[in-house]
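**Student:** Sharing target.cif here; it has mmCIF, C-alpha atoms.
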data_upload
#
loop_
_atom_site.group_PDB
_atom_site.id
_atom_site.type_symbol
_atom_site.label_atom_id
_atom_site.label_comp_id
_atom_site.auth_asym_id
_atom_site.auth_seq_id
_atom_site.Cartn_x
_atom_site.Cartn_y
_atom_site.Cartn_z
ATOM 1 C CA MET D 17 5.559 -21.798 17.545
ATOM 2 C CA VAL D 18 3.204 -19.948 15.166
ATOM 3 C CA ASP D 19 1.886 -23.273 13.847
ATOM 4 C CA ALA D 20 1.374 -24.537 17.404
ATOM 5 C CA ALA D 21 -0.488 -21.356 18.407
ATOM 6 C CA THR D 22 -2.678 -21.561 15.308
ATOM 7 C CA ALA D 23 -3.409 -25.249 15.920
ATOM 8 C CA ALA D 24 -4.280 -24.588 19.568
ATOM 9 C CA ALA D 25 -6.694 -21.821 18.583
ATOM 10 C CA LYS D 26 -8.349 -24.034 15.940
ATOM 11 C CA ALA D 27 -8.708 -26.803 18.544
ATOM 12 C CA GLY D 28 -10.474 -24.383 20.887
ATOM 13 C CA LYS D 29 -7.578 -24.333 23.346
ATOM 14 C CA HIS D 30 -7.638 -20.571 23.641
ATOM 15 C CA VAL D 31 -5.627 -20.249 26.856
ATOM 16 C CA GLU D 32 -2.823 -22.333 25.346
ATOM 17 C CA ALA D 33 -3.037 -20.455 22.050
ATOM 18 C CA GLU D 34 -2.819 -17.125 23.820
ATOM 19 C CA ARG D 35 0.189 -18.309 25.847
ATOM 20 C CA LEU D 36 1.920 -19.457 22.639
ATOM 21 C CA TRP D 37 1.164 -16.172 20.846
ATOM 22 C CA GLN D 38 2.641 -14.332 23.818
ATOM 23 C CA GLU D 39 5.801 -16.431 23.453
ATOM 24 C CA VAL D 40 5.942 -15.569 19.746
ATOM 25 C CA LEU D 41 5.631 -11.906 20.668
ATOM 26 C CA ASN D 42 8.329 -12.211 23.346
ATOM 27 C CA ARG D 43 10.686 -13.523 20.668
ATOM 28 C CA ASP D 44 9.629 -10.968 18.067
ATOM 29 C CA PRO D 45 7.853 -7.893 19.504
ATOM 30 C CA LEU D 46 6.981 -6.737 15.989
ATOM 31 C CA ASP D 47 5.158 -9.909 14.867
ATOM 32 C CA SER D 48 1.879 -8.589 13.478
ATOM 33 C CA GLN D 49 0.217 -12.011 13.456
ATOM 34 C CA ALA D 50 0.939 -12.449 17.165
ATOM 35 C CA LEU D 51 -0.301 -8.928 17.933
ATOM 36 C CA PHE D 52 -3.488 -9.552 15.943
ATOM 37 C CA SER D 53 -4.093 -12.957 17.511
ATOM 38 C CA LEU D 54 -3.560 -11.642 21.032
ATOM 39 C CA GLY D 55 -6.039 -8.870 20.225
ATOM 40 C CA VAL D 56 -8.632 -11.366 19.041
ATOM 41 C CA HIS D 57 -8.132 -13.541 22.130
ATOM 42 C CA ALA D 58 -8.583 -10.496 24.366
ATOM 43 C CA LEU D 59 -11.820 -9.630 22.548
ATOM 44 C CA GLN D 60 -13.047 -13.199 22.990
ATOM 45 C CA ARG D 61 -12.416 -12.873 26.744
ATOM 46 C CA GLY D 62 -14.384 -9.603 26.780
ATOM 47 C CA ASP D 63 -11.318 -7.445 27.394
ATOM 48 C CA PHE D 64 -12.168 -5.009 24.620
ATOM 49 C CA ALA D 65 -9.811 -2.226 25.663
ATOM 50 C CA ARG D 66 -6.786 -4.544 25.804
ATOM 51 C CA GLY D 67 -7.894 -6.232 22.589
ATOM 52 C CA ARG D 68 -8.043 -2.931 20.780
ATOM 53 C CA GLN D 69 -4.585 -2.015 22.075
ATOM 54 C CA TRP D 70 -3.140 -5.224 20.605
ATOM 55 C CA LEU D 71 -5.021 -4.630 17.362
ATOM 56 C CA LEU D 72 -3.785 -1.054 17.054
ATOM 57 C CA GLN D 73 -0.236 -2.346 17.436
ATOM 58 C CA ALA D 74 -0.917 -4.971 14.760
ATOM 59 C CA HIS D 75 -2.246 -2.196 12.515
ATOM 60 C CA GLN D 76 0.986 -0.239 12.966
ATOM 61 C CA ARG D 77 2.901 -3.287 11.722
ATOM 62 C CA SER D 78 0.449 -4.152 8.908
ATOM 63 C CA PRO D 79 -1.320 -0.904 7.989
ATOM 64 C CA ASP D 80 -3.007 -2.314 4.880
ATOM 65 C CA ASP D 81 -4.457 -5.436 6.520
ATOM 66 C CA LEU D 82 -8.219 -5.019 6.160
ATOM 67 C CA LEU D 83 -9.018 -7.782 8.649
ATOM 68 C CA VAL D 84 -7.050 -5.966 11.338
ATOM 69 C CA LEU D 85 -8.924 -2.732 10.572
ATOM 70 C CA MET D 86 -12.318 -4.448 10.590
ATOM 71 C CA THR D 87 -11.476 -6.052 13.924
ATOM 72 C CA ILE D 88 -10.458 -2.651 15.308
ATOM 73 C CA ALA D 89 -13.869 -1.375 14.189
ATOM 74 C CA SER D 90 -15.548 -4.227 16.085
ATOM 75 C CA ALA D 91 -13.498 -3.601 19.221
ATOM 76 C CA SER D 92 -14.360 0.101 19.030
ATOM 77 C CA ARG D 93 -18.067 -0.748 18.672
ATOM 78 C CA PHE D 94 -17.886 -2.951 21.805
ATOM 79 C CA LEU D 95 -16.225 -0.030 23.614
ATOM 80 C CA LYS D 96 -18.999 2.312 22.387
ATOM 81 C CA ASP D 97 -16.345 4.428 20.655
ATOM 82 C CA ARG D 98 -18.321 5.430 17.601
ATOM 83 C CA ASP D 99 -15.608 7.774 16.316
ATOM 84 C CA GLY D 100 -12.979 5.037 16.565
ATOM 85 C CA GLU D 101 -15.318 2.588 14.868
ATOM 86 C CA ARG D 102 -16.031 5.003 12.012
ATOM 87 C CA GLU D 103 -12.342 5.840 11.625
ATOM 88 C CA ALA D 104 -11.488 2.139 11.222
ATOM 89 C CA ILE D 105 -14.338 1.588 8.740
ATOM 90 C CA ASP D 106 -13.268 4.632 6.719
ATOM 91 C CA ALA D 107 -9.686 3.323 6.686
ATOM 92 C CA VAL D 108 -10.919 0.004 5.273
ATOM 93 C CA LEU D 109 -12.947 1.700 2.552
ATOM 94 C CA ALA D 110 -10.107 4.104 1.700
ATOM 95 C CA ARG D 111 -7.964 1.062 0.932
ATOM 96 C CA ASP D 112 -10.729 -0.887 -0.858
ATOM 97 C CA PRO D 113 -13.970 0.967 -1.649
ATOM 98 C CA TYR D 114 -15.597 -2.314 -2.740
ATOM 99 C CA HIS D 115 -14.777 -4.272 0.437
ATOM 100 C CA LEU D 116 -18.184 -5.787 1.161
ATOM 101 C CA PRO D 117 -17.744 -6.268 4.932
ATOM 102 C CA GLY D 118 -16.537 -2.659 5.143
ATOM 103 C CA ILE D 119 -19.537 -1.323 3.215
ATOM 104 C CA LEU D 120 -21.882 -3.336 5.432
ATOM 105 C CA ALA D 121 -20.125 -2.049 8.552
ATOM 106 C CA LEU D 122 -20.586 1.511 7.300
ATOM 107 C CA GLY D 123 -24.288 0.822 6.673
ATOM 108 C CA TYR D 124 -24.737 -0.455 10.216
ATOM 109 C CA TRP D 125 -22.802 2.522 11.581
ATOM 110 C CA LEU D 126 -25.007 4.945 9.645
ATOM 111 C CA GLU D 127 -28.139 3.126 10.771
ATOM 112 C CA ALA D 128 -27.089 3.527 14.405
ATOM 113 C CA HIS D 129 -25.576 7.023 14.290
ATOM 114 C CA ALA D 130 -26.926 8.906 11.257
ATOM 115 C CA THR D 131 -30.062 8.609 9.126
ATOM 116 C CA LEU D 132 -31.943 5.652 7.718
ATOM 117 C CA SER D 133 -31.668 7.257 4.287
ATOM 118 C CA ALA D 134 -27.869 7.264 4.522
ATOM 119 C CA ALA D 135 -27.883 3.691 5.805
ATOM 120 C CA ALA D 136 -30.233 2.588 3.012
ATOM 121 C CA ALA D 137 -28.040 4.193 0.341
ATOM 122 C CA THR D 138 -24.961 2.479 1.762
ATOM 123 C CA PHE D 139 -26.713 -0.876 2.109
ATOM 124 C CA ARG D 140 -27.956 -0.506 -1.481
ATOM 125 C CA ASN D 141 -24.316 -0.112 -2.545
ATOM 126 C CA ALA D 142 -23.384 -3.203 -0.534
ATOM 127 C CA LEU D 143 -26.065 -5.195 -2.334
ATOM 128 C CA ARG D 144 -24.699 -3.983 -5.679
ATOM 129 C CA VAL D 145 -21.210 -5.197 -4.730
ATOM 130 C CA ALA D 146 -22.434 -8.513 -3.293
ATOM 131 C CA PRO D 147 -22.835 -11.571 -5.480
ATOM 132 C CA PRO D 148 -26.386 -12.809 -6.207
ATOM 133 C CA GLU D 149 -28.187 -13.992 -3.053
ATOM 134 C CA PRO D 150 -27.629 -17.730 -3.603
ATOM 135 C CA GLN D 151 -23.885 -17.015 -3.610
ATOM 136 C CA TRP D 152 -23.779 -14.819 -0.518
ATOM 137 C CA PRO D 153 -20.941 -15.847 1.804
ATOM 138 C CA ASP D 154 -22.287 -17.572 4.905
ATOM 139 C CA PHE D 155 -20.436 -15.205 7.243
ATOM 140 C CA LEU D 156 -22.194 -12.208 5.642
ATOM 141 C CA ARG D 157 -25.616 -13.750 4.937
ATOM 142 C CA GLU D 158 -27.430 -12.238 7.956
ATOM 143 C CA GLN D 159 -25.904 -8.812 7.375
ATOM 144 C CA LEU D 160 -26.885 -8.905 3.699
ATOM 145 C CA ARG D 161 -30.436 -9.984 4.609
ATOM 146 C CA HIS D 162 -30.634 -7.078 7.038
ATOM 147 C CA ALA D 163 -29.324 -4.712 4.351
ATOM 148 C CA SER D 164 -31.839 -5.997 1.821
ATOM 149 C CA GLU D 165 -34.749 -5.671 4.239
ATOM 150 C CA LEU D 166 -33.772 -2.138 5.297
ATOM 151 C CA VAL D 167 -33.436 -1.056 1.651
ATOM 152 C CA ARG D 168 -36.834 -2.612 0.843
ATOM 153 C CA ARG D 169 -38.563 -0.911 3.802
ATOM 154 C CA HIS D 170 -36.912 2.421 3.073
ATOM 155 C CA SER D 171 -37.955 2.264 -0.595
ATOM 156 C CA LEU D 172 -41.569 1.537 0.362
ATOM 157 C CA ASP D 173 -41.588 4.361 2.918
ATOM 158 C CA TYR D 174 -40.068 6.768 0.411
ATOM 159 C CA GLU D 175 -42.612 5.781 -2.248
ATOM 160 C CA LYS D 176 -45.426 6.362 0.268
ATOM 161 C CA TYR D 177 -43.947 9.766 1.138
ATOM 162 C CA LEU D 178 -43.711 10.770 -2.543
ATOM 163 C CA ARG D 179 -47.255 9.597 -3.280
ATOM 164 C CA GLY D 180 -48.488 11.739 -0.391
ATOM 165 C CA LYS D 181 -46.611 14.785 -1.667
ATOM 166 C CA LEU D 182 -47.946 14.243 -5.188
ATOM 167 C CA ALA D 183 -51.474 13.840 -3.862
ATOM 168 C CA ASP D 184 -51.098 17.135 -1.977
ATOM 169 C CA LEU D 185 -49.858 18.869 -5.129
ATOM 170 C CA HIS D 186 -52.643 17.349 -7.181
ATOM 171 C CA ALA D 187 -55.227 18.519 -4.643
ATOM 172 C CA ASP D 188 -53.899 22.080 -4.945
ATOM 173 C CA LEU D 189 -54.332 22.138 -8.738
ATOM 174 C CA PRO D 190 -57.367 23.970 -10.133
ATOM 175 C CA ALA D 191 -60.161 21.722 -11.311
ATOM 176 C CA GLY D 192 -60.759 21.257 -14.979
#
For this file, produce the structure as structure tokens.

**Tutor:**
Amino acid sequence: MVDAATAAAKAGKHVEAERLWQEVLNRDPLDSQALFSLGVHALQRGDFARGRQWLLQAHQRSPDDLLVLMTIASASRFLKDRDGEREAIDAVLARDPYHLPGILALGYWLEAHATLSAAAATFRNALRVAPPEPQWPDFLREQLRHASELVRRHSLDYEKYLRGKLADLHADLPAG
């Protein structure tokens, strides 16, 4: 049944896949793969609250699964639950501080809810963890480009700020 549900999802037959995952769950209410898959299908339908409920149940069954936690973060973002999103991101990074999607998610969270300086520092760390640009994974390429551009802009702005402060200090020095 799991193979059939997976095949249906890959073939784009989402209604059938969801029905099959529900059957898997009916047979084994603790099946974390079924819980996760039902959560993803709910998110795809736009039912973010129900999706997150399924995902939280999957997390209870597989607490160290980083994909489940990252998907909970996404569901929380769709629900505009910034605390829930941050909690899920922090849980990912507590388990793997070098998890590139988790670091990027934290950078985006900081950009939206904290300071650009904090976001730039986090994105800079993501770029240190990432492979060289030609080897960036396709699914992270746009996020890494965004991170790189934000770090570049922030560095230029900070340099401009420091030059202005130094010019002010220089102007205050006695001549000669």

**Student:** Measure the distance from atom CA of Leu51 of chain D to atom CA of Gly67 of chain D in Å and round it to one decimal.

**Tutor:**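 Here the two named atoms are 9.3 Å from each other.
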
**Student:** If we count all atoms listed in the file, what is near Arg102 of chain D at a cut-off of 9 Å, once residues fewer than 3 positions away on the same chain are taken out, given as a list in words?

**Tutor:**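 Result of the neighbour search: Ala89, Ser92, Asp97, Arg98, Asp99, Ile105, Asp106, Ala107, Ala121, Leu122 and Trp125 of chain D.
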
**Student:** Name the closest residue to Ser90 of chain D among the candidates D:Leu178, D:Leu59, D:Leu109, D:Leu143; distances are taken between atoms, counting all atoms listed in the file.

**Tutor:**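 Closest to Ser90 of chain D of all the choices is D:Leu59.
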
**Student:** Hey, can you pull every residue with an atom no more than 12 Å from (-32.2, -2.5, 3.1), using only C-alpha atoms, and send it as a count of residues only?

**Tutor:** 33

**Student:** Taking into account all atoms listed in the file, which residue in the set D:Thr87, D:Gln151, D:Thr131, D:Gln76 is nearest to Ser53 of chain D?

**Tutor:** D:Thr87

**Student:** Can you tell me which residues surround Asp63 of chain D at a distance of at most 10 Å, considering only C-alpha atoms, apart from same-chain residues fewer than 6 positions away, and format the answer as a VMD selection string?

**Tutor:** chain D and resid 55 to 57 91 94 to 95

**Student:** Between atom CA of Met86 of chain D and atom CA of Lys26 of chain D, what distance in Å does the model show, to one decimal?

**Tutor:**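 If I compute the distance from atom CA of Met86 of chain D to atom CA of Lys26 of chain D, I get 20.7 Å.
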
**Student:** D:Leu116, D:Leu71, D:Ala50, D:Ala191: which is nearest Leu156 of chain D, counting only C-alpha atoms?

**Tutor:**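 Looking at the shortest contact to Leu156 of chain D, the residue is D:Leu116.
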
**Student:** Under the rule that all atoms listed in the file are counted, which of D:Val31, D:Leu182, D:Ala110, D:Ala20 is the nearest residue to Ala58 of chain D?

**Tutor:**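 Of all the options, D:Val31 lies closest to Ala58 of chain D.
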
**Student:** How many Å separate atom CA of Lys29 of chain D from atom CA of Gly62 of chain D?

**Tutor:**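 It comes out at 16.6 Å.
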
**Student:** Rebuild segment 119-130 of chain D to all heavy atoms - output it as a PDB file, keeping the file's coordinate frame, please.

**Tutor:**
ATOM      1  N   ILE D 119     -18.330  -2.064   3.618  1.00  0.00           N
ATOM      2  CA  ILE D 119     -19.537  -1.323   3.215  1.00  0.00           C
ATOM      3  C   ILE D 119     -20.689  -1.658   4.162  1.00  0.00           C
ATOM      4  O   ILE D 119     -21.440  -0.773   4.591  1.00  0.00           O
ATOM      5  CB  ILE D 119     -19.911  -1.621   1.750  1.00  0.00           C
ATOM      6  CG1 ILE D 119     -18.782  -1.211   0.804  1.00  0.00           C
ATOM      7  CG2 ILE D 119     -21.213  -0.906   1.370  1.00  0.00           C
ATOM      8  CD1 ILE D 119     -18.962  -1.712  -0.625  1.00  0.00           C
ATOM      9  N   LEU D 120     -20.832  -2.941   4.485  1.00  0.00           N
ATOM     10  CA  LEU D 120     -21.882  -3.336   5.432  1.00  0.00           C
ATOM     11  C   LEU D 120     -21.664  -2.696   6.801  1.00  0.00           C
ATOM     12  O   LEU D 120     -22.621  -2.220   7.428  1.00  0.00           O
ATOM     13  CB  LEU D 120     -21.944  -4.861   5.550  1.00  0.00           C
ATOM     14  CG  LEU D 120     -22.507  -5.586   4.331  1.00  0.00           C
ATOM     15  CD1 LEU D 120     -22.211  -7.082   4.414  1.00  0.00           C
ATOM     16  CD2 LEU D 120     -23.989  -5.322   4.177  1.00  0.00           C
ATOM     17  N   ALA D 121     -20.423  -2.675   7.260  1.00  0.00           N
ATOM     18  CA  ALA D 121     -20.125  -2.049   8.552  1.00  0.00           C
ATOM     19  C   ALA D 121     -20.499  -0.571   8.533  1.00  0.00           C
ATOM     20  O   ALA D 121     -21.056  -0.049   9.504  1.00  0.00           O
ATOM     21  CB  ALA D 121     -18.646  -2.236   8.896  1.00  0.00           C
ATOM     22  N   LEU D 122     -20.208   0.103   7.421  1.00  0.00           N
ATOM     23  CA  LEU D 122     -20.586   1.511   7.300  1.00  0.00           C
ATOM     24  C   LEU D 122     -22.108   1.660   7.331  1.00  0.00           C
ATOM     25  O   LEU D 122     -22.645   2.566   7.995  1.00  0.00           O
ATOM     26  CB  LEU D 122     -20.010   2.126   6.022  1.00  0.00           C
ATOM     27  CG  LEU D 122     -20.375   3.583   5.771  1.00  0.00           C
ATOM     28  CD1 LEU D 122     -19.931   4.483   6.927  1.00  0.00           C
ATOM     29  CD2 LEU D 122     -19.778   4.053   4.445  1.00  0.00           C
ATOM     30  N   GLY D 123     -22.825   0.773   6.653  1.00  0.00           N
ATOM     31  CA  GLY D 123     -24.288   0.822   6.673  1.00  0.00           C
ATOM     32  C   GLY D 123     -24.840   0.674   8.083  1.00  0.00           C
ATOM     33  O   GLY D 123     -25.723   1.430   8.506  1.00  0.00           O
ATOM     34  N   TYR D 124     -24.304  -0.280   8.824  1.00  0.00           N
ATOM     35  CA  TYR D 124     -24.737  -0.455  10.216  1.00  0.00           C
ATOM     36  C   TYR D 124     -24.391   0.770  11.055  1.00  0.00           C
ATOM     37  O   TYR D 124     -25.183   1.201  11.904  1.00  0.00           O
ATOM     38  CB  TYR D 124     -24.084  -1.699  10.835  1.00  0.00           C
ATOM     39  CG  TYR D 124     -24.836  -2.976  10.545  1.00  0.00           C
ATOM     40  CD1 TYR D 124     -24.431  -3.830   9.531  1.00  0.00           C
ATOM     41  CD2 TYR D 124     -25.937  -3.337  11.308  1.00  0.00           C
ATOM     42  CE1 TYR D 124     -25.116  -5.011   9.273  1.00  0.00           C
ATOM     43  CE2 TYR D 124     -26.632  -4.513  11.064  1.00  0.00           C
ATOM     44  CZ  TYR D 124     -26.211  -5.348  10.037  1.00  0.00           C
ATOM     45  OH  TYR D 124     -26.894  -6.509   9.786  1.00  0.00           O
ATOM     46  N   TRP D 125     -23.194   1.332  10.826  1.00  0.00           N
ATOM     47  CA  TRP D 125     -22.802   2.522  11.581  1.00  0.00           C
ATOM     48  C   TRP D 125     -23.770   3.669  11.289  1.00  0.00           C
ATOM     49  O   TRP D 125     -24.225   4.359  12.206  1.00  0.00           O
ATOM     50  CB  TRP D 125     -21.361   2.919  11.231  1.00  0.00           C
ATOM     51  CG  TRP D 125     -20.809   3.959  12.153  1.00  0.00           C
ATOM     52  CD1 TRP D 125     -20.067   3.750  13.268  1.00  0.00           C
ATOM     53  CD2 TRP D 125     -20.980   5.384  12.049  1.00  0.00           C
ATOM     54  NE1 TRP D 125     -19.760   4.960  13.879  1.00  0.00           N
ATOM     55  CE2 TRP D 125     -20.309   5.973  13.149  1.00  0.00           C
ATOM     56  CE3 TRP D 125     -21.630   6.213  11.145  1.00  0.00           C
ATOM     57  CZ2 TRP D 125     -20.274   7.343  13.357  1.00  0.00           C
ATOM     58  CZ3 TRP D 125     -21.604   7.580  11.356  1.00  0.00           C
ATOM     59  CH2 TRP D 125     -20.932   8.142  12.443  1.00  0.00           C
ATOM     60  N   LEU D 126     -24.082   3.867  10.025  1.00  0.00           N
ATOM     61  CA  LEU D 126     -25.007   4.945   9.645  1.00  0.00           C
ATOM     62  C   LEU D 126     -26.402   4.698  10.205  1.00  0.00           C
ATOM     63  O   LEU D 126     -27.082   5.638  10.637  1.00  0.00           O
ATOM     64  CB  LEU D 126     -25.051   5.090   8.121  1.00  0.00           C
ATOM     65  CG  LEU D 126     -23.772   5.613   7.481  1.00  0.00           C
ATOM     66  CD1 LEU D 126     -23.811   5.439   5.961  1.00  0.00           C
ATOM     67  CD2 LEU D 126     -23.529   7.069   7.857  1.00  0.00           C
ATOM     68  N   GLU D 127     -26.830   3.452  10.214  1.00  0.00           N
ATOM     69  CA  GLU D 127     -28.139   3.126  10.771  1.00  0.00           C
ATOM     70  C   GLU D 127     -28.203   3.489  12.255  1.00  0.00           C
ATOM     71  O   GLU D 127     -29.212   3.998  12.738  1.00  0.00           O
ATOM     72  CB  GLU D 127     -28.405   1.628  10.576  1.00  0.00           C
ATOM     73  CG  GLU D 127     -29.769   1.175  11.038  1.00  0.00           C
ATOM     74  CD  GLU D 127     -30.011  -0.301  10.809  1.00  0.00           C
ATOM     75  OE1 GLU D 127     -29.118  -1.006  10.280  1.00  0.00           O
ATOM     76  OE2 GLU D 127     -31.109  -0.761  11.174  1.00  0.00           O
ATOM     77  N   ALA D 128     -27.117   3.263  12.964  1.00  0.00           N
ATOM     78  CA  ALA D 128     -27.089   3.527  14.405  1.00  0.00           C
ATOM     79  C   ALA D 128     -26.828   4.990  14.746  1.00  0.00           C
ATOM     80  O   ALA D 128     -27.325   5.485  15.759  1.00  0.00           O
ATOM     81  CB  ALA D 128     -26.014   2.658  15.062  1.00  0.00           C
ATOM     82  N   HIS D 129     -26.064   5.695  13.894  1.00  0.00           N
ATOM     83  CA  HIS D 129     -25.576   7.023  14.290  1.00  0.00           C
ATOM     84  C   HIS D 129     -25.939   8.152  13.329  1.00  0.00           C
ATOM     85  O   HIS D 129     -25.579   9.299  13.604  1.00  0.00           O
ATOM     86  CB  HIS D 129     -24.052   6.993  14.453  1.00  0.00           C
ATOM     87  CG  HIS D 129     -23.588   5.951  15.411  1.00  0.00           C
ATOM     88  ND1 HIS D 129     -23.854   6.000  16.765  1.00  0.00           N
ATOM     89  CD2 HIS D 129     -22.885   4.812  15.206  1.00  0.00           C
ATOM     90  CE1 HIS D 129     -23.334   4.945  17.352  1.00  0.00           C
ATOM     91  NE2 HIS D 129     -22.739   4.209  16.438  1.00  0.00           N
ATOM     92  N   ALA D 130     -26.597   7.851  12.227  1.00  0.00           N
ATOM     93  CA  ALA D 130     -26.926   8.906  11.257  1.00  0.00           C
ATOM     94  C   ALA D 130     -28.396   8.753  10.872  1.00  0.00           C
ATOM     95  O   ALA D 130     -29.249   8.678  11.756  1.00  0.00           O
ATOM     96  CB  ALA D 130     -25.986   8.829  10.045  1.00  0.00           C
TER      97      ALA D 130
END
